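Heads up: the structure comes next, in structure tokens.
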Amino acid sequence: MSEPVTNLWSVPLLVMIPIFTAIIVNFLYNRTRAIRFISIGAALAVFAIAVVSPYGLHWFAGHPAVNADGTYTFTASIFSWKLSLEYYYGPLQQILIALMSLLLLFVVVIATKSLSKNYGPYIAIVFLTYVSAAAILMANDFYNLWIAVELGSLLVAGLVASSGTSYAQKAALKYTFFSALAGSGLAISLGLILGITGYVNITDAITFLMTNDLGGMYAVLYVAFAFLALAWIYAGGLIPVHPLKSDVYRSAFPHATVLLQTQSKLMLVAIGIVLLRMFGPLPFAREVMLSISVLTMIIGIVMALIQTDFRWILAYIIVSHSGLVTVGLSLGTYQGVVGGLFQAVNDIVYMSILLLCCEMLLYFGKGTSIKFNGGIAKKSPWLAAFVILGAFAASGIPPFNGFQSELIIIQAALAEGLPEVAAVVLMVSISTFIALFRAIYSIFLKPGDPSPAGQPEAKGFTMPPTVFLFLSVLLAISFVLGVYPQLALGFLTESALKVVFVPWVP
Amino acid sequence: MTEISLQLLGFIAATVLVVVGIAGMLFLDNLIKKLIAFTLLSDGVNLALVSLGYVQGGIVPILEPGASIPEFPNNAALIFGPGIVLTNIVIGVSTTAILAALIVALYKRYGSLKASKVLKGERE
């Protein structure tokens, strides 16, 4: 596989523009209009770059050995050492980063309208969270990967603590303490891989492993796998970290949770792919990943079923569906990896719909508990329509997108001779429907309690036009991907092919 | 023999620091002590990474004028270890700052540094 040597300038812009925006809005502090103007402009700019940027590499240091015709070659036997810290921007990165850029735009618009004070630093954290996710998805070296995970975990704490409640501060503290453990583990993993292979570039390290007999060093490789898997578990909120991650999802503002869950999915995909490329051939590696994924799905959905607050239900469904993403990846087959990647895209879309609806519920002023709500469909029929359709998508009901990816994962599990995994995926899908519609019935469809004597009946609730537009766009994406899944699959198949068949290619 | 022991000593000291750090973070009740335990853990990781780059009888990995170029790659210590350590120190300081800020905020709210009291489960 030969590629032309290019050092793309557009790729680092996806990281640099948000970083500079974060610095500027942080200093602007409370200058409302300036912050809104700059942040929306920056979000539009990164979305445009993500859409139009050509595919290729950006080298921060080093470069591959160049052939006589100006290309460089990837082969297992006659390979070109890359020796570089680099970003790779391909179709997978394009669809996921473009989607995250769109959500960044939505989040920035909502945040600059809904927050009343100190939102310069808050918007700065939002942009840096985007940076961490984009960087980890593009990084093809362990150094950038590690930095992005560390940066991401600190930003999660910042974003959660920004909501200002004591519960959020506790969640942020617990999450940061664990991030110290996982981050240190990742640093050790990086050191061990560097010690075994001598290369920090992921492509180089994989090529070294494929072309050299490690002899007695396999035990060290397993230790490196264990520490990297710990970072994967931590970043994605898989078991046993799910209580910390669900606390985080529940404690942040729902619009911030849109970004947090997107960041988690991107980290799961990015680290999951590195685990597969590097450690996939090791005995028991994929089995360990699959076991963690299946347990996360089950525990997440069981926890969602017993919650009595819509925010908690969504938090645990996000955790459970993270397991759905990783099940596909952990199967390690072409179909499984495609299913996992597609599930990540779909999950980001439909959970964003539900989280934005949850944000509207908070505007409504009656909280998100399913015990003290009711009759909201009558007062805000559009909101009810969006949440019901979003729940259909999350439950894997056609013609929405969740159905397509779950079908691929089920087929992949059956093809691998794992009907029990397929059954668990099906159970998660059905349980998601039950958990969501229990809440939706209580909050939206059930007749509301009459207002206490002497108090006027609550008036109808008008959804802000921007939120209506955002929800419509997300629902349209969900529907279009449900009817024409090939639109997204076209972006995902190349990456899946590389992961499964040519793992030394980024 | 002495030099091999030096690297081994580095790994042993790093292991002790990491184990003490993890144990402190998990089992100590005082949030400030947990924070100190985290810095021990971070130092242990740094020591492990530096020890990893040690080369027996090696030289500083800076190519100085007049140095033997063929001998340099064979004798130079692994440069990436200290490079990663520099980054890890920055990350450690950032994490410590965020943890300290959160601990101060929670102390102002609850008037206690006991994790068992401050982090007690509650649902708002």
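Letters A, B, ... go to the chains of the structure tokens in the order shown; residues in each chain start at 1; ligands are counted from 1 in the same order.
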
All residues 6 Å or closer to stretch 70-87 of chain B, only C-alpha atoms, same chain fewer than 2 positions away omitted, as a ChimeraX atom specification: /B:46,49-50,53-55,58-61,68,89-90

Spatial neighbours of stretch 468-472 of chain A, max dist 9 Å, only C-alpha atoms, sep filter under 6 positions, as a ChimeraX atom specification: /A:103,106,352-353,356-357,382-383,386

Would you mind exporting the chosen residues as a JSON list (two decimals), in the first residue's frame, restricted to all heavy atoms?
```json
[["chain", "number", "residue", "atom", "x", "y", "z"],
["A", 103, "LEU", "N", -21.84, 18.83, 16.68],
["A", 103, "LEU", "CA", -22.35, 18.86, 18.06],
["A", 103, "LEU", "C", -21.69, 19.98, 18.86],
["A", 103, "LEU", "O", -22.34, 20.60, 19.71],
["A", 103, "LEU", "CB", -22.09, 17.50, 18.73],
["A", 103, "LEU", "CG", -22.89, 16.34, 18.15],
["A", 103, "LEU", "CD1", -22.44, 15.03, 18.77],
["A", 103, "LEU", "CD2", -24.38, 16.53, 18.36],
["A", 106, "PHE", "N", -23.66, 23.02, 18.17],
["A", 106, "PHE", "CA", -24.93, 23.01, 18.91],
["A", 106, "PHE", "C", -24.69, 23.35, 20.38],
["A", 106, "PHE", "O", -25.41, 24.15, 20.98],
["A", 106, "PHE", "CB", -25.61, 21.64, 18.82],
["A", 106, "PHE", "CG", -26.03, 21.23, 17.44],
["A", 106, "PHE", "CD1", -26.50, 19.95, 17.19],
["A", 106, "PHE", "CD2", -25.97, 22.12, 16.38],
["A", 106, "PHE", "CE1", -26.89, 19.57, 15.91],
["A", 106, "PHE", "CE2", -26.37, 21.75, 15.10],
["A", 106, "PHE", "CZ", -26.82, 20.47, 14.87],
["A", 352, "SER", "N", -27.56, 12.24, 21.66],
["A", 352, "SER", "CA", -27.58, 13.70, 21.65],
["A", 352, "SER", "C", -29.01, 14.22, 21.58],
["A", 352, "SER", "O", -29.34, 15.21, 22.24],
["A", 352, "SER", "CB", -26.76, 14.24, 20.46],
["A", 352, "SER", "OG", -25.42, 13.84, 20.59],
["A", 353, "ILE", "N", -29.85, 13.55, 20.79],
["A", 353, "ILE", "CA", -31.27, 13.96, 20.72],
["A", 353, "ILE", "C", -31.89, 13.86, 22.12],
["A", 353, "ILE", "O", -32.53, 14.81, 22.60],
["A", 353, "ILE", "CB", -32.05, 13.05, 19.73],
["A", 353, "ILE", "CG1", -31.53, 13.22, 18.31],
["A", 353, "ILE", "CG2", -33.55, 13.34, 19.80],
["A", 353, "ILE", "CD1", -32.12, 12.23, 17.32],
["A", 356, "LEU", "N", -30.49, 16.51, 24.58],
["A", 356, "LEU", "CA", -30.99, 17.88, 24.34],
["A", 356, "LEU", "C", -32.45, 17.99, 24.79],
["A", 356, "LEU", "O", -32.87, 19.03, 25.31],
["A", 356, "LEU", "CB", -30.85, 18.26, 22.87],
["A", 356, "LEU", "CG", -29.42, 18.50, 22.38],
["A", 356, "LEU", "CD1", -29.40, 18.91, 20.91],
["A", 356, "LEU", "CD2", -28.73, 19.58, 23.21],
["A", 357, "CYS", "N", -33.23, 16.92, 24.62],
["A", 357, "CYS", "CA", -34.61, 16.92, 25.13],
["A", 357, "CYS", "C", -34.59, 17.02, 26.66],
["A", 357, "CYS", "O", -35.44, 17.70, 27.25],
["A", 357, "CYS", "CB", -35.33, 15.64, 24.70],
["A", 357, "CYS", "SG", -35.68, 15.58, 22.94],
["A", 382, "TRP", "N", -44.03, 19.13, 20.57],
["A", 382, "TRP", "CA", -42.84, 18.92, 19.74],
["A", 382, "TRP", "C", -41.74, 18.25, 20.53],
["A", 382, "TRP", "O", -41.04, 17.36, 20.03],
["A", 382, "TRP", "CB", -42.34, 20.26, 19.18],
["A", 382, "TRP", "CG", -43.09, 20.69, 17.97],
["A", 382, "TRP", "CD1", -43.94, 21.75, 17.86],
["A", 382, "TRP", "CD2", -43.08, 20.06, 16.68],
["A", 382, "TRP", "NE1", -44.46, 21.82, 16.60],
["A", 382, "TRP", "CE2", -43.94, 20.79, 15.84],
["A", 382, "TRP", "CE3", -42.43, 18.94, 16.16],
["A", 382, "TRP", "CZ2", -44.16, 20.45, 14.51],
["A", 382, "TRP", "CZ3", -42.65, 18.59, 14.83],
["A", 382, "TRP", "CH2", -43.51, 19.34, 14.03],
["A", 383, "LEU", "N", -41.58, 18.70, 21.78],
["A", 383, "LEU", "CA", -40.55, 18.09, 22.63],
["A", 383, "LEU", "C", -40.85, 16.61, 22.83],
["A", 383, "LEU", "O", -39.96, 15.74, 22.75],
["A", 383, "LEU", "CB", -40.49, 18.82, 23.99],
["A", 383, "LEU", "CG", -39.44, 18.34, 24.98],
["A", 383, "LEU", "CD1", -38.04, 18.48, 24.40],
["A", 383, "LEU", "CD2", -39.54, 19.10, 26.29],
["A", 386, "PHE", "N", -39.98, 14.68, 19.68],
["A", 386, "PHE", "CA", -38.53, 14.47, 19.52],
["A", 386, "PHE", "C", -38.03, 13.37, 20.46],
["A", 386, "PHE", "O", -37.23, 12.51, 20.07],
["A", 386, "PHE", "CB", -37.76, 15.77, 19.78],
["A", 386, "PHE", "CG", -37.75, 16.71, 18.62],
["A", 386, "PHE", "CD1", -38.24, 18.01, 18.74],
["A", 386, "PHE", "CD2", -37.25, 16.32, 17.38],
["A", 386, "PHE", "CE1", -38.24, 18.89, 17.68],
["A", 386, "PHE", "CE2", -37.23, 17.20, 16.30],
["A", 386, "PHE", "CZ", -37.73, 18.48, 16.45]]
```

Would you mind listing, for every residue of chain B within 10 Å of chain A, the two atoms forming the shortest contact and the distance between them in Å to one decimal, using only C-alpha atoms, sorted by chain and ascending residue number, as CSV?
```
residue,atom,partner,partner_atom,distance
B:Val18,CA,A:Ser184,CA,9.2
B:Gly21,CA,A:Leu181,CA,9.4
B:Ile22,CA,A:Leu181,CA,7.5
B:Met25,CA,A:Phe177,CA,7.8
B:Leu26,CA,A:Phe177,CA,9.5
B:Leu31,CA,A:Leu173,CA,9.8
B:Lys34,CA,A:Phe177,CA,8.5
B:Leu35,CA,A:Phe177,CA,8.3
B:Phe38,CA,A:Ala180,CA,6.9
B:Thr39,CA,A:Ala180,CA,9.2
B:Leu41,CA,A:Ser184,CA,7.6
B:Ser42,CA,A:Ser184,CA,6.6
B:Asp43,CA,A:Ser184,CA,9.8
B:Gly44,CA,A:Ser184,CA,9.2
B:Val45,CA,A:Ser184,CA,6.5
B:Asn46,CA,A:Ala187,CA,8.7
B:Ala48,CA,A:Ile188,CA,7.7
B:Leu49,CA,A:Gly191,CA,6.0
B:Val50,CA,A:Gly191,CA,9.3
B:Leu52,CA,A:Gly195,CA,6.7
B:Gly53,CA,A:Gly195,CA,7.8
B:Leu78,CA,A:Gly198,CA,8.6
B:Phe80,CA,A:Leu194,CA,8.1
B:Gly81,CA,A:Gly191,CA,7.0
B:Gly83,CA,A:Tyr143,CA,9.9
B:Ile84,CA,A:Tyr143,CA,7.8
B:Val85,CA,A:Ala187,CA,9.0
B:Thr87,CA,A:Ile147,CA,8.3
B:Asn88,CA,A:Ala187,CA,7.9
B:Ile91,CA,A:Glu150,CA,7.2
B:Gly92,CA,A:Ala180,CA,8.1
B:Ser94,CA,A:Leu154,CA,8.1
B:Thr95,CA,A:Leu154,CA,6.8
B:Thr96,CA,A:Ala180,CA,9.2
B:Ile98,CA,A:Leu154,CA,7.6
B:Leu99,CA,A:Leu173,CA,6.3
B:Ala100,CA,A:Leu173,CA,9.2
B:Ala101,CA,A:Leu173,CA,9.4
B:Leu102,CA,A:Leu173,CA,6.2
B:Ile103,CA,A:Leu173,CA,7.5
B:Ala105,CA,A:Gln169,CA,7.8
B:Leu106,CA,A:Gln169,CA,7.2
B:Arg109,CA,A:Ser166,CA,7.7
B:Tyr110,CA,A:Ser166,CA,9.4
B:Ala115,CA,A:Lys170,CA,9.9
B:Val118,CA,A:Lys170,CA,7.8
B:Leu119,CA,A:Lys170,CA,6.0
B:Lys120,CA,A:Lys170,CA,8.9
B:Gly121,CA,A:Tyr167,CA,8.8
B:Glu122,CA,A:Tyr167,CA,7.4
B:Arg123,CA,A:Tyr167,CA,7.4
B:Glu124,CA,A:Tyr167,CA,7.1
```

DSSP alpha helix (DSSP H) selection over stretch 114-220 of chain A, as a ChimeraX atom specification: /A:114,119-138,142-161,166-197,202-211,218-220

Selection above as a file: C-alpha atoms, as a PDB file, in the first residue's frame:
```pdb
ATOM      1  CA  SER A 114     -28.403  29.295  28.644  1.00  0.00           C
ATOM      2  CA  TYR A 119     -19.053  31.375  30.485  1.00  0.00           C
ATOM      3  CA  GLY A 120     -15.727  32.373  28.908  1.00  0.00           C
ATOM      4  CA  PRO A 121     -13.830  29.703  30.883  1.00  0.00           C
ATOM      5  CA  TYR A 122     -16.731  27.274  30.425  1.00  0.00           C
ATOM      6  CA  ILE A 123     -16.716  27.631  26.642  1.00  0.00           C
ATOM      7  CA  ALA A 124     -12.914  27.264  26.766  1.00  0.00           C
ATOM      8  CA  ILE A 125     -13.320  23.887  28.502  1.00  0.00           C
ATOM      9  CA  VAL A 126     -15.932  22.868  25.920  1.00  0.00           C
ATOM     10  CA  PHE A 127     -13.493  23.603  23.073  1.00  0.00           C
ATOM     11  CA  LEU A 128     -10.619  21.812  24.794  1.00  0.00           C
ATOM     12  CA  THR A 129     -12.828  18.761  25.322  1.00  0.00           C
ATOM     13  CA  TYR A 130     -13.356  18.750  21.569  1.00  0.00           C
ATOM     14  CA  VAL A 131      -9.567  19.001  21.106  1.00  0.00           C
ATOM     15  CA  SER A 132      -8.896  15.979  23.303  1.00  0.00           C
ATOM     16  CA  ALA A 133     -11.364  13.832  21.374  1.00  0.00           C
ATOM     17  CA  ALA A 134     -10.187  14.959  17.940  1.00  0.00           C
ATOM     18  CA  ALA A 135      -6.539  14.487  18.906  1.00  0.00           C
ATOM     19  CA  ILE A 136      -6.992  10.978  20.243  1.00  0.00           C
ATOM     20  CA  LEU A 137      -8.861   9.923  17.125  1.00  0.00           C
ATOM     21  CA  MET A 138      -6.122  11.199  14.811  1.00  0.00           C
ATOM     22  CA  PHE A 142       1.508   6.630  21.795  1.00  0.00           C
ATOM     23  CA  TYR A 143       2.768   9.984  22.954  1.00  0.00           C
ATOM     24  CA  ASN A 144      -0.117  11.997  21.432  1.00  0.00           C
ATOM     25  CA  LEU A 145      -2.541   9.256  22.473  1.00  0.00           C
ATOM     26  CA  TRP A 146      -1.431   9.506  26.094  1.00  0.00           C
ATOM     27  CA  ILE A 147      -1.524  13.320  26.153  1.00  0.00           C
ATOM     28  CA  ALA A 148      -5.025  13.328  24.652  1.00  0.00           C
ATOM     29  CA  VAL A 149      -6.343  10.843  27.234  1.00  0.00           C
ATOM     30  CA  GLU A 150      -4.810  12.818  30.126  1.00  0.00           C
ATOM     31  CA  LEU A 151      -6.060  16.128  28.752  1.00  0.00           C
ATOM     32  CA  GLY A 152      -9.497  14.653  28.140  1.00  0.00           C
ATOM     33  CA  SER A 153      -9.845  13.333  31.669  1.00  0.00           C
ATOM     34  CA  LEU A 154      -8.930  16.661  33.261  1.00  0.00           C
ATOM     35  CA  LEU A 155     -11.383  18.462  30.981  1.00  0.00           C
ATOM     36  CA  VAL A 156     -14.167  16.065  31.866  1.00  0.00           C
ATOM     37  CA  ALA A 157     -13.610  17.001  35.510  1.00  0.00           C
ATOM     38  CA  GLY A 158     -13.650  20.694  34.607  1.00  0.00           C
ATOM     39  CA  LEU A 159     -16.800  20.436  32.528  1.00  0.00           C
ATOM     40  CA  VAL A 160     -18.635  18.504  35.232  1.00  0.00           C
ATOM     41  CA  ALA A 161     -17.504  20.746  38.086  1.00  0.00           C
ATOM     42  CA  SER A 166     -21.889  19.675  45.241  1.00  0.00           C
ATOM     43  CA  TYR A 167     -22.804  16.425  43.556  1.00  0.00           C
ATOM     44  CA  ALA A 168     -20.968  17.515  40.401  1.00  0.00           C
ATOM     45  CA  GLN A 169     -17.887  18.495  42.392  1.00  0.00           C
ATOM     46  CA  LYS A 170     -17.854  15.107  44.101  1.00  0.00           C
ATOM     47  CA  ALA A 171     -18.245  13.314  40.780  1.00  0.00           C
ATOM     48  CA  ALA A 172     -15.397  15.384  39.310  1.00  0.00           C
ATOM     49  CA  LEU A 173     -13.138  14.657  42.297  1.00  0.00           C
ATOM     50  CA  LYS A 174     -13.744  10.912  42.178  1.00  0.00           C
ATOM     51  CA  TYR A 175     -13.265  10.850  38.419  1.00  0.00           C
ATOM     52  CA  THR A 176     -10.015  12.835  38.636  1.00  0.00           C
ATOM     53  CA  PHE A 177      -8.621  10.552  41.338  1.00  0.00           C
ATOM     54  CA  PHE A 178      -9.266   7.582  39.119  1.00  0.00           C
ATOM     55  CA  SER A 179      -7.840   9.431  36.130  1.00  0.00           C
ATOM     56  CA  ALA A 180      -4.599   9.682  38.111  1.00  0.00           C
ATOM     57  CA  LEU A 181      -4.505   5.878  38.300  1.00  0.00           C
ATOM     58  CA  ALA A 182      -5.492   5.275  34.685  1.00  0.00           C
ATOM     59  CA  GLY A 183      -3.183   8.000  33.360  1.00  0.00           C
ATOM     60  CA  SER A 184      -0.231   6.603  35.279  1.00  0.00           C
ATOM     61  CA  GLY A 185      -1.081   3.157  33.928  1.00  0.00           C
ATOM     62  CA  LEU A 186      -1.142   4.533  30.407  1.00  0.00           C
ATOM     63  CA  ALA A 187       2.271   6.163  30.939  1.00  0.00           C
ATOM     64  CA  ILE A 188       3.675   2.823  32.132  1.00  0.00           C
ATOM     65  CA  SER A 189       2.111   1.067  29.147  1.00  0.00           C
ATOM     66  CA  LEU A 190       3.720   3.627  26.863  1.00  0.00           C
ATOM     67  CA  GLY A 191       7.070   3.083  28.589  1.00  0.00           C
ATOM     68  CA  LEU A 192       6.806  -0.701  28.289  1.00  0.00           C
ATOM     69  CA  ILE A 193       5.897  -0.596  24.594  1.00  0.00           C
ATOM     70  CA  LEU A 194       8.755   1.818  24.038  1.00  0.00           C
ATOM     71  CA  GLY A 195      11.060  -0.498  25.978  1.00  0.00           C
ATOM     72  CA  ILE A 196      10.017  -3.593  23.983  1.00  0.00           C
ATOM     73  CA  THR A 197       9.906  -2.098  20.509  1.00  0.00           C
ATOM     74  CA  ILE A 202       2.062   2.986  16.639  1.00  0.00           C
ATOM     75  CA  THR A 203       2.662   1.842  13.062  1.00  0.00           C
ATOM     76  CA  ASP A 204       6.361   1.314  13.767  1.00  0.00           C
ATOM     77  CA  ALA A 205       5.658  -0.531  17.017  1.00  0.00           C
ATOM     78  CA  ILE A 206       3.152  -2.881  15.323  1.00  0.00           C
ATOM     79  CA  THR A 207       5.545  -3.509  12.452  1.00  0.00           C
ATOM     80  CA  PHE A 208       8.304  -4.332  14.937  1.00  0.00           C
ATOM     81  CA  LEU A 209       6.037  -6.787  16.752  1.00  0.00           C
ATOM     82  CA  MET A 210       5.064  -8.451  13.469  1.00  0.00           C
ATOM     83  CA  THR A 211       8.624  -8.849  12.237  1.00  0.00           C
ATOM     84  CA  TYR A 218       5.533 -11.554  25.724  1.00  0.00           C
ATOM     85  CA  ALA A 219       4.757 -11.306  29.436  1.00  0.00           C
ATOM     86  CA  VAL A 220       5.787  -7.627  29.339  1.00  0.00           C
TER      87      VAL A 220
END
```

Spatial neighbours of stretch 275-278 of chain A, 9 Å, only C-alpha atoms, chain gap at least 5 places, as a PyMOL selection string: chain A and resi 202-203+205-206+209+225+228-229+232+270+285-286+329-330+332+498-500+502-504

Backbone-only DSSP, strand (DSSP E or B) members of stretch 41-184 of chain A, as a list in words: Gly56, Leu57, His58, Trp59, Phe60, Ala61, Thr71, Tyr72, Thr73, Leu85, Glu86, Tyr87, Tyr88, Tyr89, Ala139 and Asp141 of chain A

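What separates atom CA of A:Leu244 from atom CA of A:Val15 is a distance of 27.5 Å.
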
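Taking only C-alpha atoms into account, A:Glu420 lies nearest to A:Leu290 out of the set A:Leu290, A:Ile370, A:Ile95, A:Leu44.
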
Shell around A:Thr432 at 9 Å using only C-alpha atoms, local window under 5 positions removed, as a list in words: Ile301, Ala304, Leu305, Ile317, Ala391, Ala394, Ser395, Gly396, Met427 and Phe437 of chain A

Nearest to A:Lys446, chosen from A:Val473, A:Leu481, A:Ala377, A:Ala393, with only C-alpha atoms counted in the distances: A:Ala377

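Checking A:Lys366, A:Ala435, A:Gln335, A:Val428 one by one against A:Gln411, counting only C-alpha atoms, you find the shortest gap at A:Gln335.
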